[in-house]
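Pasted below: start.cif, mmCIF, C-alpha atoms.
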```cif
data_data
loop_
_atom_site.label_atom_id
_atom_site.label_comp_id
_atom_site.auth_asym_id
_atom_site.auth_seq_id
_atom_site.Cartn_x
_atom_site.Cartn_y
_atom_site.Cartn_z
CA MET Y 4 23.29 -19.64 -80.50
CA SER Y 5 25.54 -20.47 -77.59
CA ASP Y 6 25.42 -19.00 -74.09
CA ASP Y 7 28.56 -17.01 -74.96
CA ASP Y 8 26.87 -15.54 -78.04
CA SER Y 9 23.83 -14.62 -75.94
CA ALA Y 10 26.04 -12.94 -73.33
CA VAL Y 11 27.83 -10.93 -76.03
CA ALA Y 12 24.52 -9.87 -77.58
CA ARG Y 13 23.14 -8.92 -74.15
CA GLU Y 14 26.24 -6.84 -73.39
CA ARG Y 15 25.95 -5.02 -76.73
CA VAL Y 16 22.35 -4.08 -75.98
CA ILE Y 17 23.28 -2.91 -72.47
CA GLU Y 18 26.11 -0.78 -73.91
CA SER Y 19 23.60 0.74 -76.33
CA MET Y 20 21.33 1.50 -73.37
CA GLU Y 21 24.26 3.28 -71.69
CA GLN Y 22 24.69 5.51 -74.74
CA SER Y 23 20.94 6.13 -75.03
CA ALA Y 24 20.79 7.17 -71.38
CA GLU Y 25 23.22 9.99 -72.09
CA VAL Y 26 21.06 11.23 -74.97
CA TYR Y 27 18.14 11.53 -72.54
CA GLY Y 28 20.15 13.36 -69.91
CA LEU Y 29 20.89 10.39 -67.68
CA SER Y 30 24.25 8.93 -66.73
CA ARG Y 31 25.82 5.95 -68.47
CA SER Y 32 25.53 4.11 -65.15
CA ALA Y 33 21.76 4.65 -65.30
CA GLY Y 34 21.71 3.04 -68.74
CA ARG Y 35 23.78 0.08 -67.55
CA ILE Y 36 21.69 -0.49 -64.42
CA TYR Y 37 18.48 -0.27 -66.44
CA GLY Y 38 19.93 -2.74 -68.97
CA VAL Y 39 21.01 -5.20 -66.28
CA LEU Y 40 17.55 -5.05 -64.72
CA TYR Y 41 15.87 -5.34 -68.13
CA PHE Y 42 17.61 -8.66 -68.78
CA ALA Y 43 17.38 -9.97 -65.21
CA SER Y 44 15.00 -12.89 -64.78
CA ASP Y 45 14.04 -11.70 -61.27
CA PRO Y 46 14.11 -8.34 -59.47
CA LEU Y 47 17.57 -7.49 -58.11
CA SER Y 48 18.65 -5.88 -54.84
CA ILE Y 49 21.20 -3.10 -54.53
CA PRO Y 50 23.96 -5.54 -53.42
CA GLU Y 51 23.18 -7.74 -56.44
CA LEU Y 52 23.34 -4.72 -58.75
CA VAL Y 53 26.67 -3.72 -57.18
CA GLU Y 54 28.00 -7.20 -57.91
CA GLU Y 55 26.58 -7.29 -61.44
CA THR Y 56 27.73 -3.81 -62.50
CA GLY Y 57 30.86 -3.25 -60.43
CA TYR Y 58 29.59 0.18 -59.37
CA ALA Y 59 29.86 1.50 -55.83
CA LYS Y 60 26.86 0.95 -53.59
CA SER Y 61 26.29 4.73 -53.39
CA THR Y 62 26.19 4.96 -57.20
CA VAL Y 63 23.72 2.11 -57.48
CA SER Y 64 21.58 3.58 -54.71
CA ASN Y 65 21.49 7.04 -56.34
CA VAL Y 66 20.80 5.65 -59.82
CA THR Y 67 18.02 3.32 -58.65
CA ARG Y 68 16.40 6.25 -56.85
CA THR Y 69 16.53 8.34 -60.05
CA LEU Y 70 15.31 5.52 -62.29
CA SER Y 71 12.46 4.77 -59.86
CA ARG Y 72 11.42 8.41 -59.76
CA ILE Y 73 11.15 8.65 -63.55
CA GLY Y 74 9.40 5.28 -63.89
CA LEU Y 75 12.08 3.28 -65.69
CA ILE Y 76 12.37 0.80 -62.85
CA HIS Y 77 10.03 -0.27 -60.07
CA ARG Y 78 10.71 -1.07 -56.41
CA ARG Y 79 9.52 -4.48 -55.24
CA SER Y 80 9.49 -5.90 -51.74
CA SER Y 81 11.37 -9.11 -51.18
CA GLU Y 82 9.40 -12.32 -51.23
CA GLY Y 83 8.36 -13.55 -47.82
CA GLY Y 84 8.09 -10.03 -46.42
CA GLY Y 85 11.84 -9.42 -46.12
CA ARG Y 86 13.11 -5.87 -45.72
CA ARG Y 87 15.44 -5.92 -48.71
CA VAL Y 88 14.07 -3.90 -51.60
CA ARG Y 89 14.50 -5.26 -55.09
CA PHE Y 90 14.18 -3.51 -58.43
CA GLU Y 91 12.86 -4.54 -61.81
CA ALA Y 92 12.88 -2.72 -65.13
CA GLU Y 93 9.82 -1.35 -66.84
CA ARG Y 94 9.78 -3.63 -69.86
CA GLU Y 95 7.02 -1.86 -71.76
CA VAL Y 96 9.29 0.22 -73.97
CA TRP Y 97 6.39 2.12 -75.55
CA PHE Y 98 5.46 3.44 -72.08
CA ILE Y 99 9.03 4.67 -71.67
CA LEU Y 100 9.01 6.36 -75.09
CA GLN Y 101 5.69 8.04 -74.33
CA ASP Y 102 7.19 9.43 -71.15
CA VAL Y 103 10.20 10.74 -73.11
CA PHE Y 104 7.83 12.31 -75.65
CA GLN Y 105 5.91 14.03 -72.88
CA GLN Y 106 8.83 15.15 -70.75
CA TYR Y 107 11.40 16.17 -73.32
CA ILE Y 108 10.35 16.22 -76.95
CA GLN Y 109 6.93 17.80 -76.46
CA ARG Y 110 8.41 20.54 -74.29
CA GLU Y 111 11.20 21.21 -76.79
CA VAL Y 112 8.77 21.34 -79.73
CA GLN Y 113 6.49 23.75 -77.86
CA THR Y 114 9.40 26.02 -76.92
CA THR Y 115 10.68 26.07 -80.50
CA LEU Y 116 7.19 26.68 -81.86
CA ARG Y 117 6.71 29.70 -79.56
CA THR Y 118 10.00 31.15 -80.81
CA ILE Y 119 9.03 30.53 -84.44
CA ARG Y 120 5.63 32.20 -83.95
CA ARG Y 121 7.32 35.26 -82.42
CA ALA Y 122 9.75 35.38 -85.32
CA GLU Y 123 6.88 35.05 -87.78
CA GLU Y 124 5.36 38.25 -86.36
CA GLN Y 125 8.65 40.09 -86.79
CA VAL Y 126 9.70 39.19 -90.33
CA LEU Y 127 8.69 41.41 -93.21
CA ALA Y 128 5.61 40.36 -95.15
CA GLU Y 129 5.98 38.87 -98.60
CA THR Y 130 9.65 37.99 -98.14
CA ARG Y 131 11.54 34.75 -98.53
CA GLU Y 132 12.20 34.81 -94.76
CA GLN Y 133 8.47 34.99 -94.04
CA GLU Y 134 7.84 31.98 -96.28
CA ARG Y 135 10.64 29.99 -94.66
CA VAL Y 136 9.49 30.82 -91.14
CA ARG Y 137 5.88 29.93 -92.07
CA ASN Y 138 7.04 26.59 -93.53
CA LEU Y 139 9.04 25.90 -90.39
CA ARG Y 140 6.02 26.76 -88.19
CA GLU Y 141 3.79 24.42 -90.20
CA THR Y 142 6.34 21.61 -89.87
CA TYR Y 143 6.64 22.13 -86.12
CA GLU Y 144 2.85 22.24 -85.75
CA ASP Y 145 2.68 18.88 -87.54
CA LEU Y 146 5.45 17.55 -85.31
CA GLU Y 147 3.61 18.82 -82.22
CA GLU Y 148 0.51 16.90 -83.32
CA ILE Y 149 2.49 13.71 -84.00
CA VAL Y 150 4.21 13.89 -80.60
CA GLN Y 151 0.83 14.48 -78.92
CA LEU Y 152 -0.67 11.43 -80.66
CA ALA Y 153 2.33 9.27 -79.79
CA SER Y 154 2.00 10.39 -76.17
CA GLU Y 155 -1.69 9.54 -75.94
CA TYR Y 156 -2.09 6.27 -77.83
CA SER Y 157 -0.50 2.84 -77.63
CA ALA Y 158 1.63 1.61 -80.50
CA ALA Y 159 -1.13 -0.86 -81.39
CA GLU Y 160 -3.75 1.92 -81.51
CA LEU Y 161 -1.54 4.08 -83.73
CA ARG Y 162 -0.78 1.14 -86.02
CA GLU Y 163 -4.48 0.30 -86.30
CA ALA Y 164 -5.34 3.91 -87.13
CA LEU Y 165 -2.67 4.01 -89.84
CA GLU Y 166 -3.79 0.70 -91.32
CA THR Y 167 -7.42 1.91 -91.35
CA TYR Y 168 -6.32 5.16 -93.02
CA GLU Y 169 -4.38 3.25 -95.72
CA ARG Y 170 -7.48 1.30 -96.74
#
```

Starting from the file, lay out its structure as structure tokens.
Amino acid sequence: MSDDDSAVARERVIESMEQSAEVYGLSRSAGRIYGVLYFASDPLSIPELVEETGYAKSTVSNVTRTLSRIGLIHRRSSEGGGRRVRFEAEREVWFILQDVFQQYIQREVQTTLRTIRRAEEQVLAETREQERVRNLRETYEDLEEIVQLASEYSAAELREALETYER
């Protein structure tokens, strides 16, 4: 694979990160900045991110503040004690997914489950609606448990548990 092929592949992944950022309620610029930092060999400063992305300094500053706050990137001091702050991406993707599970999916599942339980109390007994609502509740309770497990255990721990269960 040539350097050009690698650059094209890298850009495709970064574009995918831009799209994923929107799914999680972040801006496309947040996805691009995270992607640039993910592939960077060393932490980058705001001026370097401005140069790399073409975004305004204010955009880069705001996005790095947001990404730092939610744990997708980390602030690093410059080598030699310089004042310039540099940023690097959190490269442990499972950690990021666990955070998404905890912040978004778990909350959404719990909200939906509360609504389903209220509906279950209101539907007439022994009806098709009651059966459907009960089935939906059971599915969401299973989903709640899966999300909880995914939030608490590493991918390796979950894999090991599944492999042990299969034996």

### Given all atoms listed in the file as the counted atoms, nearest of Y:Leu165, Y:Ala158, Y:Ala128, Y:Ala24 to Trp97 in chain Y
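Residue with the minimum atom-to-atom distance to Trp97 in chain Y: Y:Ala158.
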
### Query
Near range 60-68 of chain Y, counting all atoms listed in the file, which residues have an atom at most 9 Å away, once you skip same-chain residues fewer than 4 positions from it, shown as a list of chain:residue names?
Y:Ser30, Y:Ser32, Y:Ala33, Y:Ile36, Y:Tyr37, Y:Ile49, Y:Pro50, Y:Leu52, Y:Val53, Y:Thr56, Y:Arg72, Y:Ile73, Y:Ile76, Y:His77, Y:Arg78, Y:Phe90

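Reported to one decimal place, the separation of CA of Tyr156 in chain Y from CA of Ala92 in chain Y is 21.6 Å.
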
### Query
Pick from Y:Gly34, Y:Arg117, Y:Val150, Y:Asp7: nearest to Ser19 in chain Y, with all atoms listed in the file counted?
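Looking only at the distances to Ser19 in chain Y, the closest residue turns out to be Y:Gly34.
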
#### Entry: Expansion of the PyMOL selection byres ((chain Y and resi 14) around 12) into residues, as JSON, numbers by chain
{"Y": [7, 8, 9, 10, 11, 12, 13, 15, 16, 17, 18, 19, 20, 21, 34, 35, 36, 38, 39, 41, 42, 55, 56]}
